[in-house]
Structure formats: structure tokens, C-alpha cells
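Below is the file my_file.cif, which contains mmCIF, C-alpha atoms.
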data_upload
loop_
_atom_site.group_PDB
_atom_site.id
_atom_site.type_symbol
_atom_site.label_atom_id
_atom_site.label_comp_id
_atom_site.auth_asym_id
_atom_site.auth_seq_id
_atom_site.Cartn_x
_atom_site.Cartn_y
_atom_site.Cartn_z
ATOM 1 C CA VAL A 1 -10.814 -27.775 12.180
ATOM 2 C CA GLN A 2 -11.281 -24.625 10.090
ATOM 3 C CA GLY A 3 -15.023 -24.901 10.536
ATOM 4 C CA TRP A 4 -14.695 -25.003 14.316
ATOM 5 C CA GLN A 5 -12.275 -22.058 14.264
ATOM 6 C CA ALA A 6 -14.769 -20.021 12.249
ATOM 7 C CA LEU A 7 -17.578 -20.977 14.642
ATOM 8 C CA ILE A 8 -15.516 -20.034 17.707
ATOM 9 C CA LYS A 9 -14.572 -16.723 16.085
ATOM 10 C CA LEU A 10 -18.216 -15.954 15.330
ATOM 11 C CA ALA A 11 -19.321 -16.894 18.841
ATOM 12 C CA THR A 12 -16.575 -14.766 20.363
ATOM 13 C CA HIS A 13 -17.789 -11.744 18.417
ATOM 14 C CA TRP A 14 -21.250 -12.194 19.913
ATOM 15 C CA VAL A 15 -20.040 -12.740 23.496
ATOM 16 C CA LEU A 16 -17.137 -10.311 23.912
ATOM 17 C CA PRO A 17 -17.265 -6.541 23.327
ATOM 18 C CA PRO A 18 -15.146 -5.361 20.350
ATOM 19 C CA GLY A 19 -12.739 -3.413 22.555
ATOM 20 C CA ILE A 20 -11.856 -6.531 24.557
ATOM 21 C CA LEU A 21 -11.444 -8.516 21.332
ATOM 22 C CA GLU A 22 -8.987 -5.974 19.926
ATOM 23 C CA TYR A 23 -7.020 -5.933 23.179
ATOM 24 C CA HIS A 24 -6.561 -9.699 23.147
ATOM 25 C CA ARG A 25 -5.668 -9.706 19.458
ATOM 26 C CA SER A 26 -3.057 -7.057 20.202
ATOM 27 C CA GLN A 27 -1.663 -9.227 23.003
ATOM 28 C CA LEU A 28 -1.428 -12.248 20.700
ATOM 29 C CA LEU A 29 0.335 -10.243 17.992
ATOM 30 C CA ALA A 30 2.788 -8.885 20.571
ATOM 31 C CA LYS A 31 3.641 -12.438 21.654
ATOM 32 C CA SER A 32 4.476 -13.293 18.041
ATOM 33 C CA LEU A 33 7.405 -10.840 18.155
ATOM 34 C CA THR A 34 10.940 -11.940 18.891
ATOM 35 C CA GLN A 35 12.451 -11.101 22.264
ATOM 36 C CA GLU A 36 14.556 -8.391 20.595
ATOM 37 C CA GLU A 37 11.492 -6.857 18.922
ATOM 38 C CA ARG A 38 9.561 -6.804 22.196
ATOM 39 C CA ALA A 39 12.484 -5.004 23.816
ATOM 40 C CA ILE A 40 12.425 -2.434 20.988
ATOM 41 C CA MET A 41 8.711 -1.846 21.525
ATOM 42 C CA ARG A 42 9.190 -1.428 25.291
ATOM 43 C CA LYS A 43 11.582 1.453 24.594
ATOM 44 C CA ASN A 44 8.560 3.513 23.526
ATOM 45 C CA ARG A 45 7.580 3.748 27.198
ATOM 46 C CA VAL A 46 9.992 6.671 27.603
ATOM 47 C CA LEU A 47 7.551 8.695 25.494
ATOM 48 C CA ASN A 48 4.558 8.165 27.761
ATOM 49 C CA ASN A 49 3.298 11.614 28.860
ATOM 50 C CA ARG A 50 6.625 13.181 27.896
ATOM 51 C CA HIS A 51 4.797 16.354 26.798
ATOM 52 C CA ALA A 52 1.914 16.434 29.266
ATOM 53 C CA GLU A 53 0.023 19.769 29.259
ATOM 54 C CA GLU A 54 1.985 21.039 26.233
ATOM 55 C CA ARG A 55 0.784 21.725 22.695
ATOM 56 C CA CYS A 56 2.013 20.354 19.377
ATOM 57 C CA PHE A 57 1.432 20.768 15.658
ATOM 58 C CA ILE A 58 1.095 17.832 13.266
ATOM 59 C CA LEU A 59 2.243 18.917 9.812
ATOM 60 C CA ALA A 60 0.826 16.975 6.864
ATOM 61 C CA THR A 61 1.549 17.619 3.198
ATOM 62 C CA GLY A 62 -1.745 18.897 1.780
ATOM 63 C CA PRO A 63 -1.614 21.855 -0.638
ATOM 64 C CA SER A 64 -3.342 24.146 1.877
ATOM 65 C CA ILE A 65 -0.164 24.355 3.925
ATOM 66 C CA LYS A 66 1.252 26.687 1.263
ATOM 67 C CA LYS A 67 -1.251 29.297 2.465
ATOM 68 C CA GLN A 68 0.002 29.208 6.048
ATOM 69 C CA ASP A 69 3.137 30.789 7.466
ATOM 70 C CA LEU A 70 5.048 27.876 8.978
ATOM 71 C CA LYS A 71 7.727 30.238 10.285
ATOM 72 C CA LEU A 72 5.316 30.940 13.156
ATOM 73 C CA LEU A 73 6.095 27.415 14.383
ATOM 74 C CA ARG A 74 9.679 28.272 15.306
ATOM 75 C CA GLY A 75 10.087 27.124 18.919
ATOM 76 C CA GLU A 76 6.908 25.000 18.862
ATOM 77 C CA THR A 77 6.889 21.208 19.148
ATOM 78 C CA CYS A 78 6.108 19.866 15.688
ATOM 79 C CA ILE A 79 5.518 16.375 14.333
ATOM 80 C CA ALA A 80 6.291 16.359 10.614
ATOM 81 C CA LEU A 81 4.907 13.751 8.237
ATOM 82 C CA SER A 82 6.175 11.950 5.185
ATOM 83 C CA ASN A 83 7.684 14.269 2.541
ATOM 84 C CA LEU A 84 7.312 17.476 4.560
ATOM 85 C CA PHE A 85 11.100 17.769 4.710
ATOM 86 C CA VAL A 86 11.064 19.299 1.189
ATOM 87 C CA HIS A 87 9.245 22.357 2.587
ATOM 88 C CA PRO A 88 11.553 25.412 2.482
ATOM 89 C CA ASP A 89 10.806 26.204 6.149
ATOM 90 C CA TYR A 90 11.497 22.705 7.483
ATOM 91 C CA LYS A 91 14.976 23.447 8.796
ATOM 92 C CA PHE A 92 13.829 26.799 10.187
ATOM 93 C CA ILE A 93 11.089 25.306 12.366
ATOM 94 C CA GLU A 94 13.161 22.185 13.241
ATOM 95 C CA PRO A 95 10.403 19.595 13.885
ATOM 96 C CA SER A 96 11.118 17.495 16.961
ATOM 97 C CA TYR A 97 9.571 14.352 15.482
ATOM 98 C CA HIS A 98 9.021 12.894 12.015
ATOM 99 C CA CYS A 99 6.569 10.080 11.170
ATOM 100 C CA VAL A 100 6.858 7.836 8.126
ATOM 101 C CA ALA A 101 4.199 5.399 6.937
ATOM 102 C CA GLY A 102 5.391 1.830 6.425
ATOM 103 C CA TYR A 103 6.631 0.516 3.101
ATOM 104 C CA HIS A 104 3.922 -1.027 0.956
ATOM 105 C CA LYS A 105 3.485 -2.114 -2.639
ATOM 106 C CA PRO A 106 3.489 -0.812 -5.320
ATOM 107 C CA ILE A 107 6.207 1.541 -3.964
ATOM 108 C CA PRO A 108 9.441 0.679 -5.845
ATOM 109 C CA LYS A 109 12.196 -0.490 -3.504
ATOM 110 C CA ARG A 110 14.801 1.645 -5.267
ATOM 111 C CA GLY A 111 12.698 4.776 -4.817
ATOM 112 C CA TRP A 112 12.009 3.900 -1.165
ATOM 113 C CA ALA A 113 15.731 3.663 -0.386
ATOM 114 C CA GLU A 114 16.477 6.919 -2.199
ATOM 115 C CA TRP A 115 13.649 8.687 -0.392
ATOM 116 C CA LEU A 116 14.801 7.537 3.046
ATOM 117 C CA GLY A 117 18.338 8.632 2.231
ATOM 118 C CA GLN A 118 17.116 12.136 1.377
ATOM 119 C CA MET A 119 14.971 12.154 4.500
ATOM 120 C CA GLU A 120 17.924 11.245 6.711
ATOM 121 C CA SER A 121 19.984 14.228 5.558
ATOM 122 C CA ALA A 122 17.080 16.697 5.499
ATOM 123 C CA THR A 123 15.425 16.005 8.873
ATOM 124 C CA ASP A 124 18.428 17.013 11.011
ATOM 125 C CA ASN A 125 17.993 15.739 14.581
ATOM 126 C CA ALA A 126 14.294 14.892 14.540
ATOM 127 C CA SER A 127 13.355 11.680 16.343
ATOM 128 C CA MET A 128 11.978 9.283 13.747
ATOM 129 C CA PHE A 129 8.916 7.016 13.843
ATOM 130 C CA PHE A 130 8.765 4.023 11.517
ATOM 131 C CA SER A 131 6.793 0.810 11.241
ATOM 132 C CA LEU A 132 8.532 -2.103 12.948
ATOM 133 C CA ALA A 133 8.231 -4.010 9.653
ATOM 134 C CA ASP A 134 10.724 -1.547 8.094
ATOM 135 C CA ARG A 135 13.372 -1.942 10.793
ATOM 136 C CA GLU A 136 15.387 -4.669 9.071
ATOM 137 C CA ASP A 137 15.523 -2.725 5.813
ATOM 138 C CA ILE A 138 16.549 0.511 7.553
ATOM 139 C CA GLU A 139 19.288 -1.155 9.581
ATOM 140 C CA ARG A 140 20.618 -3.151 6.621
ATOM 141 C CA LYS A 141 21.075 0.073 4.662
ATOM 142 C CA GLY A 142 22.652 1.802 7.672
ATOM 143 C CA LEU A 143 20.053 4.579 7.632
ATOM 144 C CA PHE A 144 19.420 6.903 10.598
ATOM 145 C CA SER A 145 22.157 5.097 12.557
ATOM 146 C CA LYS A 146 22.948 8.224 14.587
ATOM 147 C CA ARG A 147 19.339 9.187 15.213
ATOM 148 C CA VAL A 148 16.691 8.314 17.778
ATOM 149 C CA ILE A 149 14.235 5.887 16.149
ATOM 150 C CA HIS A 150 10.962 4.630 17.587
ATOM 151 C CA TYR A 151 9.250 1.703 15.902
ATOM 152 C CA LEU A 152 5.504 1.109 15.999
ATOM 153 C CA GLN A 153 4.020 -2.324 15.454
ATOM 154 C CA TYR A 154 1.041 -2.542 13.139
ATOM 155 C CA GLY A 155 -1.012 -5.613 12.386
ATOM 156 C CA ASN A 156 -4.308 -6.979 11.163
ATOM 157 C CA LEU A 157 -6.551 -5.469 13.837
ATOM 158 C CA SER A 158 -9.975 -4.298 12.770
ATOM 159 C CA GLU A 159 -10.151 -1.208 14.961
ATOM 160 C CA ILE A 160 -8.183 0.964 17.355
ATOM 161 C CA PRO A 161 -8.567 -0.446 20.909
ATOM 162 C CA ARG A 162 -11.096 1.574 22.884
ATOM 163 C CA GLY A 163 -9.080 1.438 26.093
ATOM 164 C CA GLU A 164 -5.815 3.198 26.849
ATOM 165 C CA LEU A 165 -3.772 3.924 23.728
ATOM 166 C CA ASP A 166 -0.423 2.134 24.055
ATOM 167 C CA ILE A 167 2.200 2.427 21.306
ATOM 168 C CA THR A 168 4.285 -0.301 22.939
ATOM 169 C CA ARG A 169 1.634 -2.745 21.672
ATOM 170 C CA CYS A 170 0.234 -3.649 18.282
ATOM 171 C CA LEU A 171 -2.095 -1.155 16.581
ATOM 172 C CA PRO A 172 -4.269 -1.426 13.449
ATOM 173 C CA ASN A 173 -2.650 -0.485 10.152
ATOM 174 C CA PRO A 174 -3.121 3.303 9.835
ATOM 175 C CA GLN A 175 -5.103 4.501 6.842
ATOM 176 C CA SER A 176 -2.976 7.652 6.825
ATOM 177 C CA VAL A 177 0.349 8.637 8.351
ATOM 178 C CA THR A 178 -1.641 11.333 10.181
ATOM 179 C CA ILE A 179 -3.215 8.537 12.235
ATOM 180 C CA MET A 180 0.264 7.362 13.189
ATOM 181 C CA ALA A 181 1.213 10.882 14.300
ATOM 182 C CA LEU A 182 -1.972 11.302 16.344
ATOM 183 C CA GLU A 183 -1.323 8.012 18.139
ATOM 184 C CA VAL A 184 2.166 9.220 19.018
ATOM 185 C CA ALA A 185 0.919 12.655 20.127
ATOM 186 C CA LEU A 186 -1.812 11.169 22.337
ATOM 187 C CA TYR A 187 0.640 8.759 23.943
ATOM 188 C CA MET A 188 3.052 11.618 24.647
ATOM 189 C CA GLY A 189 0.258 13.420 26.466
ATOM 190 C CA PHE A 190 0.014 16.703 24.573
ATOM 191 C CA LYS A 191 -2.879 18.765 25.928
ATOM 192 C CA ASN A 192 -3.666 20.523 22.633
ATOM 193 C CA ILE A 193 -2.968 18.963 19.233
ATOM 194 C CA TYR A 194 -3.333 21.006 16.035
ATOM 195 C CA LEU A 195 -3.532 19.504 12.545
ATOM 196 C CA LEU A 196 -2.173 21.377 9.528
ATOM 197 C CA GLY A 197 -2.179 20.325 5.882
ATOM 198 C CA CYS A 198 -4.835 17.630 6.417
ATOM 199 C CA ASP A 199 -6.880 18.534 3.336
ATOM 200 C CA HIS A 200 -8.212 15.007 2.722
ATOM 201 C CA ASP A 201 -10.043 16.211 -0.384
ATOM 202 C CA TRP A 202 -8.906 13.520 -2.843
ATOM 203 C CA LEU A 203 -12.501 12.971 -3.976
ATOM 204 C CA LEU A 204 -12.457 16.449 -5.469
ATOM 205 C CA HIS A 205 -9.507 15.630 -7.747
ATOM 206 C CA LEU A 206 -9.723 11.868 -8.205
ATOM 207 C CA GLY A 207 -6.694 10.528 -10.068
ATOM 208 C CA THR A 208 -4.595 13.679 -9.610
ATOM 209 C CA SER A 209 -2.066 13.984 -6.780
ATOM 210 C CA GLN A 210 -1.967 17.330 -5.009
ATOM 211 C CA HIS A 211 0.477 18.358 -2.285
ATOM 212 C CA PHE A 212 2.172 21.569 -1.210
ATOM 213 C CA TYR A 213 5.156 20.561 -3.360
ATOM 214 C CA GLU A 214 5.544 19.734 -7.041
ATOM 215 C CA GLU A 215 5.122 15.991 -7.513
ATOM 216 C CA ASN A 216 8.634 15.566 -8.950
ATOM 217 C CA GLN A 217 9.975 16.714 -5.561
ATOM 218 C CA HIS A 218 9.097 13.283 -4.202
ATOM 219 C CA ALA A 219 11.686 10.560 -4.773
ATOM 220 C CA LEU A 220 8.978 7.891 -4.928
ATOM 221 C CA VAL A 221 7.227 9.679 -7.790
ATOM 222 C CA ARG A 222 10.504 10.054 -9.671
ATOM 223 C CA ALA A 223 11.012 6.305 -9.234
ATOM 224 C CA GLY A 224 7.648 5.611 -10.876
ATOM 225 C CA TYR A 225 5.292 5.330 -7.897
ATOM 226 C CA ASP A 226 1.661 6.182 -8.686
ATOM 227 C CA GLU A 227 -0.498 6.507 -5.562
ATOM 228 C CA TRP A 228 -3.612 6.199 -7.725
ATOM 229 C CA ALA A 229 -2.708 2.832 -9.255
ATOM 230 C CA GLY A 230 -5.702 0.488 -8.974
ATOM 231 C CA VAL A 231 -7.811 3.127 -7.215
ATOM 232 C CA ASP A 232 -11.268 4.031 -8.469
ATOM 233 C CA LEU A 233 -14.125 5.906 -6.797
ATOM 234 C CA GLY A 234 -15.336 2.819 -4.923
ATOM 235 C CA VAL A 235 -11.891 2.024 -3.507
ATOM 236 C CA GLN A 236 -11.385 5.647 -2.548
ATOM 237 C CA CYS A 237 -14.713 5.767 -0.712
ATOM 238 C CA GLN A 238 -13.764 2.665 1.271
ATOM 239 C CA LYS A 239 -10.503 4.348 2.267
ATOM 240 C CA TYR A 240 -12.403 7.432 3.386
ATOM 241 C CA VAL A 241 -14.713 5.365 5.598
ATOM 242 C CA ARG A 242 -11.806 3.577 7.279
ATOM 243 C CA LEU A 243 -9.857 6.817 7.760
ATOM 244 C CA TRP A 244 -12.837 8.618 9.300
ATOM 245 C CA GLN A 245 -13.445 5.630 11.618
ATOM 246 C CA GLN A 246 -9.857 5.803 12.837
ATOM 247 C CA TYR A 247 -10.069 9.560 13.354
ATOM 248 C CA ARG A 248 -13.270 9.178 15.389
ATOM 249 C CA ALA A 249 -11.741 6.412 17.523
ATOM 250 C CA LEU A 250 -8.746 8.621 18.357
ATOM 251 C CA TRP A 251 -11.057 11.589 19.022
ATOM 252 C CA GLN A 252 -12.934 9.481 21.591
ATOM 253 C CA ILE A 253 -9.665 8.459 23.252
ATOM 254 C CA ALA A 254 -8.544 12.098 23.330
ATOM 255 C CA ARG A 255 -11.750 13.269 25.003
ATOM 256 C CA ARG A 256 -11.479 10.578 27.665
ATOM 257 C CA LYS A 257 -7.964 11.850 28.394
ATOM 258 C CA SER A 258 -9.149 15.509 28.356
ATOM 259 C CA ILE A 259 -6.959 16.166 25.328
ATOM 260 C CA ASN A 260 -8.040 18.595 22.607
ATOM 261 C CA ILE A 261 -7.539 17.929 18.896
ATOM 262 C CA PHE A 262 -8.158 20.854 16.548
ATOM 263 C CA ASN A 263 -8.118 21.005 12.780
ATOM 264 C CA ALA A 264 -6.182 24.154 11.884
ATOM 265 C CA THR A 265 -6.013 23.231 8.202
ATOM 266 C CA GLU A 266 -7.206 25.985 5.873
ATOM 267 C CA GLY A 267 -10.102 24.343 4.061
ATOM 268 C CA GLY A 268 -10.228 20.630 3.293
ATOM 269 C CA LEU A 269 -12.893 18.015 4.054
ATOM 270 C CA LEU A 270 -11.838 16.703 7.478
ATOM 271 C CA ASP A 271 -14.819 17.389 9.767
ATOM 272 C CA VAL A 272 -14.152 15.046 12.714
ATOM 273 C CA PHE A 273 -12.404 17.645 14.885
ATOM 274 C CA PRO A 274 -13.416 21.218 15.737
ATOM 275 C CA ARG A 275 -11.854 23.902 13.560
ATOM 276 C CA LYS A 276 -9.335 26.438 14.802
ATOM 277 C CA SER A 277 -7.845 29.403 12.990
ATOM 278 C CA TYR A 278 -4.104 28.831 12.641
ATOM 279 C CA GLU A 279 -3.192 32.511 12.929
ATOM 280 C CA SER A 280 -5.273 32.915 16.114
ATOM 281 C CA LEU A 281 -2.939 30.524 17.905
ATOM 282 C CA PHE A 282 -0.198 33.129 17.784
ATOM 283 C CA ALA A 283 -2.276 36.230 18.483
ATOM 284 C CA GLU A 284 -0.365 37.125 21.631
#
Could you rewrite the structure in this file as C-alpha cells?
Amino acid sequence: VQGWQALIKLATHWVLPPGILEYHRSQLLAKSLTQEERAIMRKNRVLNNRHAEERCFILATGPSIKKQDLKLLRGETCIALSNLFVHPDYKFIEPSYHCVAGYHKPIPKRGWAEWLGQMESATDNASMFFSLADREDIERKGLFSKRVIHYLQYGNLSEIPRGELDITRCLPNPQSVTIMALEVALYMGFKNIYLLGCDHDWLLHLGTSQHFYEENQHALVRAGYDEWAGVDLGVQCQKYVRLWQQYRALWQIARRKSINIFNATEGGLLDVFPRKSYESLFAE
């Protein structure tokens, strides 16, 4: 039986275009959800084109963000990522949305719970985005019970579907939380999307973590998490390839939707999107 399954899979790859394959895989993964989980995913429809023709800023945690005046973002629609809530200007700019990558090993469970607890108190009224796989853990601990939460389903898909991006369906596991935020921003219909703090220059300091904050400001680090555990140059290069592939796939989707994505990070290695001077966006 396994031999026939492998043969059918191989034949399907030759006959059907990759985009169609990913769509059908997404459909199958969606059907594997419970009725309650499907209802949770359908709630994401309220976000579709919510911010059409507007602009937003995606705020990552690279060290370059220390060089940029985030106070300029007061009144702008911002999507904050991960540990950005430790930034001294977080409460001043009041990000509308906050994206969190899903739990994965070797993150210690104790540190994960502590981190989410800090995040809940520090992110004020931001609408939260989590992986659907983390829902049970979040609800069991009573976290973010008074907040708007949107869950995204991720699964073992090989690539981002080339058709319409739909966050009510299954998507490939994101190589970076920035991918998660871009998927959300594209679905919400922003006309211009600006990336900040996306340095992506880990190859230049292999084995050493660098962010805009001191590493002990992250609860996961204090709990013993080492993001470099088991990572060598070869593993890191593979991660780069997958990340760049995901960025390019989203860039293609954006162009088909006449949406602009600009990299307003000061420096860094990300070269998929055209560069834009951060300060020039507030010239008027």
C-alpha cells in the first residue's frame, strides 16, 4: 500500500501544478480540524480587506530598530512581533496587532508561560495572532481572555499557495514570525506595508543572538532557551533559503493584488523587497 501511495504522490507531482497541489493539501488539512476549530478559523473572515488602501508598519526585533525613532509611529497602524513589547516606546505607539510564532521545542514550557503572561499585560488592547496549535494551552492558562485573538492554522505544506492568500485556511509553517505578519497584512488589504527591524543578518554573527533589547529581557532566554541550539552554518543556510522563498512567494501575491511591500529597515540583508527610507515616510 505504501508503495502505491508513493507512486500516486509522485505521479500527482508530475501532472498537477504545485499551486493546485498546495490548495488541495490545505483543503485536506482544514477538513482534519474539529467543527469548533473550523468555526474559529472562519472568524478570521472579518479581517478580509479591513484596511484596504491604508498603510501599516510591521515591527520586528532586529537591533537596527534602535536607530529609528518609533515615536513617529504614533497614530499609525502597527503590527508588532514577538518580544517587541519590551521596547520603551511600545505603549506610546500602541500597536493595533501583535503576532506570536507558535510554540516549538526546545522552548521550555515554563518560560513560554511566563513570556505569554508578560506579553498579556504589556500589549494593552492589541489584537493577538497565535498559531491554532497554541489555543488549548492559552485557554487552559486563562491568558488573553479579555482580548481579541485570531488563530492561524499552520501545517506541513511545502509552499505558500500561489492563488489568493486566505488565513481562514491552512498555511505552511512560517520560517519567521515576520512571514506570519505579512500574511495577516496582505489579507487585511493594506496598500503599503513597511518592514522595520528585519535585519536577517544572523550569518554575520553566527551563534550570537542580537536584538534591539538585551537578551536577558526575554523571558525565554531567562528560562534557558538557546535559539542557536543544534544550529550550524549548514542548518542556518537552509533556513535562509526557506525564508527567502516564503518572502518571494508573498511578494508575488502582493504584486498581483497591487500591494506594495517596502523594507524600511536600516541596513540588514533582506533584499527581496525595495528599500524605503523610514524617515522619508513622515516628511510631510
Worksheet item: Which distance in Å separates CA of Gln68 (chain A) and CA of Val86 (chain A), to one decimal?
Response: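 These two atoms are separated by 15.6 Å.
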Discussion item. To one decimal place in Å, what is the distance between CA of Gly224 (chain A) and CA of Glu114 (chain A)?
Written reply: 12.4 Å
Worksheet item: Residues at most 10 Å from Gln175 (chain A), counting all atoms listed in the file, excluding those fewer than 3 positions away in the same chain, as a VMD selection string?
Response: chain A and resid 101 172 178 to 180 239 to 247
Fill in: Separation of CA of Gly234 (chain A) from CA of Gln153 (chain A) in Å
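Spanning CA of Gln153 (chain A) to CA of Gly234 (chain A) is a straight-line distance of 28.6 Å.
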Item to complete: Step by step, work through what the PyMOL selection byres ((chain A and resi 130) around 12) selects in the shown file, and finish by giving those residues as a count of residues only.
Response: 37
Wanna dump the region 209-254 of chain A-region 158-163 of chain A contacts at 8 Å for me, each residue with its shortest atom pair and the distance in Å to one decimal, counting all atoms listed in the file, ordered by chain and number, as JSON lines?
{"residue": "A:Gln246", "atom": "CA", "partner": "A:Ile160", "partner_atom": "CA", "distance": 6.8}
{"residue": "A:Ala249", "atom": "CA", "partner": "A:Ile160", "partner_atom": "CA", "distance": 6.5}
{"residue": "A:Leu250", "atom": "CA", "partner": "A:Ile160", "partner_atom": "CA", "distance": 7.7}
{"residue": "A:Ile253", "atom": "CA", "partner": "A:Arg162", "partner_atom": "CA", "distance": 7.0}
Worksheet item: So what does the PyMOL selection byres ((chain A and resi 74) around 9) actually pick up in this one, as a ChimeraX atom specification?
Response: /A:70-73,75-77,92-95
Would you mind exporting C-alpha atoms of the selected residues as a JSON list (two decimals), in the frame of the given file?
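part-v2.json, written as the output of this step:
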[["chain", "number", "residue", "atom", "x", "y", "z"],
["A", 70, "LEU", "CA", 5.05, 27.88, 8.98],
["A", 71, "LYS", "CA", 7.73, 30.24, 10.28],
["A", 72, "LEU", "CA", 5.32, 30.94, 13.16],
["A", 73, "LEU", "CA", 6.10, 27.42, 14.38],
["A", 75, "GLY", "CA", 10.09, 27.12, 18.92],
["A", 76, "GLU", "CA", 6.91, 25.00, 18.86],
["A", 77, "THR", "CA", 6.89, 21.21, 19.15],
["A", 92, "PHE", "CA", 13.83, 26.80, 10.19],
["A", 93, "ILE", "CA", 11.09, 25.31, 12.37],
["A", 94, "GLU", "CA", 13.16, 22.18, 13.24],
["A", 95, "PRO", "CA", 10.40, 19.60, 13.88]]
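Between Met119 (chain A) and the candidates A:Asn192, A:Asn83, A:Ala283, A:Tyr90, the tightest atom-to-atom separation, counting all atoms listed in the file, involves A:Asn83.
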Worksheet entry | From A:Lys91, A:Arg256, A:Lys146, A:Arg110, residue lying nearest Val221 (chain A) [only C-alpha atoms] |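 Using only C-alpha atoms, the shortest distance to Val221 (chain A) belongs to A:Arg110.
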Worksheet item: Which residues come within 12 Å of Glu164 (chain A), counting all atoms listed in the file, excluding same-chain residues fewer than 4 positions away, as a PyMOL selection string?
Response: chain A and resi 19-20+22-23+48+160+168-169+171+183+186-187+189+249-250+252-257
Discussion item. Applying 12 Å and all atoms listed in the file, which residues near Thr61 (chain A) remain after dropping the ones on its own chain fewer than 6 positions away? List them as a PyMOL selection string.
Written reply: chain A and resi 79-87+90+176-178+195-200+209-215+218+265
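When all atoms listed in the file are used to measure the gap to Leu233 (chain A), the shortest distance among A:Arg248, A:Lys109, A:Lys141, A:His205 belongs to A:His205.
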Worksheet item: If the PyMOL selection byres ((chain A and resi 262) around 12) is run on the structure shown, which residues does it catch, given as a ChimeraX atom specification?
Response: /A:55-58,182,191-196,198,247,251,254-255,259-261,263-266,270-278,281
Selected residues written out, C-alpha atoms, as a PDB file, keeping the file's coordinate frame:
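Saved to part07.pdb:
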ATOM      1  CA  ARG A  55       0.784  21.725  22.695  1.00  0.00           C
ATOM      2  CA  CYS A  56       2.013  20.354  19.377  1.00  0.00           C
ATOM      3  CA  PHE A  57       1.432  20.768  15.658  1.00  0.00           C
ATOM      4  CA  ILE A  58       1.095  17.832  13.266  1.00  0.00           C
ATOM      5  CA  LEU A 182      -1.972  11.302  16.344  1.00  0.00           C
ATOM      6  CA  LYS A 191      -2.879  18.765  25.928  1.00  0.00           C
ATOM      7  CA  ASN A 192      -3.666  20.523  22.633  1.00  0.00           C
ATOM      8  CA  ILE A 193      -2.968  18.963  19.233  1.00  0.00           C
ATOM      9  CA  TYR A 194      -3.333  21.006  16.035  1.00  0.00           C
ATOM     10  CA  LEU A 195      -3.532  19.504  12.545  1.00  0.00           C
ATOM     11  CA  LEU A 196      -2.173  21.377   9.528  1.00  0.00           C
ATOM     12  CA  CYS A 198      -4.835  17.630   6.417  1.00  0.00           C
ATOM     13  CA  TYR A 247     -10.069   9.560  13.354  1.00  0.00           C
ATOM     14  CA  TRP A 251     -11.057  11.589  19.022  1.00  0.00           C
ATOM     15  CA  ALA A 254      -8.544  12.098  23.330  1.00  0.00           C
ATOM     16  CA  ARG A 255     -11.750  13.269  25.003  1.00  0.00           C
ATOM     17  CA  ILE A 259      -6.959  16.166  25.328  1.00  0.00           C
ATOM     18  CA  ASN A 260      -8.040  18.595  22.607  1.00  0.00           C
ATOM     19  CA  ILE A 261      -7.539  17.929  18.896  1.00  0.00           C
ATOM     20  CA  ASN A 263      -8.118  21.005  12.780  1.00  0.00           C
ATOM     21  CA  ALA A 264      -6.182  24.154  11.884  1.00  0.00           C
ATOM     22  CA  THR A 265      -6.013  23.231   8.202  1.00  0.00           C
ATOM     23  CA  GLU A 266      -7.206  25.985   5.873  1.00  0.00           C
ATOM     24  CA  LEU A 270     -11.838  16.703   7.478  1.00  0.00           C
ATOM     25  CA  ASP A 271     -14.819  17.389   9.767  1.00  0.00           C
ATOM     26  CA  VAL A 272     -14.152  15.046  12.714  1.00  0.00           C
ATOM     27  CA  PHE A 273     -12.404  17.645  14.885  1.00  0.00           C
ATOM     28  CA  PRO A 274     -13.416  21.218  15.737  1.00  0.00           C
ATOM     29  CA  ARG A 275     -11.854  23.902  13.560  1.00  0.00           C
ATOM     30  CA  LYS A 276      -9.335  26.438  14.802  1.00  0.00           C
ATOM     31  CA  SER A 277      -7.845  29.403  12.990  1.00  0.00           C
ATOM     32  CA  TYR A 278      -4.104  28.831  12.641  1.00  0.00           C
ATOM     33  CA  LEU A 281      -2.939  30.524  17.905  1.00  0.00           C
TER      34      LEU A 281
END
Rebuild N, CA, C and O atoms on region 117-126 of chain A, as a PDB file, in the frame of the given file?
ATOM      1  N   GLY A 117      17.023   8.001   2.187  1.00  0.00           N
ATOM      2  CA  GLY A 117      18.338   8.632   2.231  1.00  0.00           C
ATOM      3  C   GLY A 117      18.231  10.142   2.227  1.00  0.00           C
ATOM      4  O   GLY A 117      18.942  10.834   2.981  1.00  0.00           O
ATOM      5  N   GLN A 118      17.346  10.688   1.389  1.00  0.00           N
ATOM      6  CA  GLN A 118      17.116  12.136   1.377  1.00  0.00           C
ATOM      7  C   GLN A 118      16.535  12.597   2.708  1.00  0.00           C
ATOM      8  O   GLN A 118      16.916  13.642   3.238  1.00  0.00           O
ATOM      9  N   MET A 119      15.617  11.816   3.231  1.00  0.00           N
ATOM     10  CA  MET A 119      14.971  12.154   4.500  1.00  0.00           C
ATOM     11  C   MET A 119      15.989  12.219   5.629  1.00  0.00           C
ATOM     12  O   MET A 119      15.948  13.117   6.481  1.00  0.00           O
ATOM     13  N   GLU A 120      16.925  11.282   5.637  1.00  0.00           N
ATOM     14  CA  GLU A 120      17.924  11.245   6.711  1.00  0.00           C
ATOM     15  C   GLU A 120      18.733  12.536   6.752  1.00  0.00           C
ATOM     16  O   GLU A 120      18.974  13.101   7.829  1.00  0.00           O
ATOM     17  N   SER A 121      19.149  13.025   5.591  1.00  0.00           N
ATOM     18  CA  SER A 121      19.984  14.228   5.558  1.00  0.00           C
ATOM     19  C   SER A 121      19.186  15.504   5.770  1.00  0.00           C
ATOM     20  O   SER A 121      19.731  16.508   6.233  1.00  0.00           O
ATOM     21  N   ALA A 122      17.886  15.472   5.450  1.00  0.00           N
ATOM     22  CA  ALA A 122      17.080  16.697   5.499  1.00  0.00           C
ATOM     23  C   ALA A 122      16.374  16.923   6.824  1.00  0.00           C
ATOM     24  O   ALA A 122      15.953  18.042   7.116  1.00  0.00           O
ATOM     25  N   THR A 123      16.230  15.880   7.651  1.00  0.00           N
ATOM     26  CA  THR A 123      15.425  16.005   8.873  1.00  0.00           C
ATOM     27  C   THR A 123      16.261  16.307  10.112  1.00  0.00           C
ATOM     28  O   THR A 123      15.739  16.296  11.233  1.00  0.00           O
ATOM     29  N   ASP A 124      17.543  16.592   9.926  1.00  0.00           N
ATOM     30  CA  ASP A 124      18.428  17.013  11.011  1.00  0.00           C
ATOM     31  C   ASP A 124      18.376  16.054  12.197  1.00  0.00           C
ATOM     32  O   ASP A 124      18.652  14.884  12.041  1.00  0.00           O
ATOM     33  N   ASN A 125      17.964  16.558  13.368  1.00  0.00           N
ATOM     34  CA  ASN A 125      17.993  15.739  14.581  1.00  0.00           C
ATOM     35  C   ASN A 125      16.617  15.263  15.030  1.00  0.00           C
ATOM     36  O   ASN A 125      16.448  14.852  16.185  1.00  0.00           O
ATOM     37  N   ALA A 126      15.638  15.328  14.161  1.00  0.00           N
ATOM     38  CA  ALA A 126      14.294  14.892  14.540  1.00  0.00           C
ATOM     39  C   ALA A 126      14.294  13.418  14.932  1.00  0.00           C
ATOM     40  O   ALA A 126      14.955  12.586  14.300  1.00  0.00           O
TER      41      ALA A 126
END
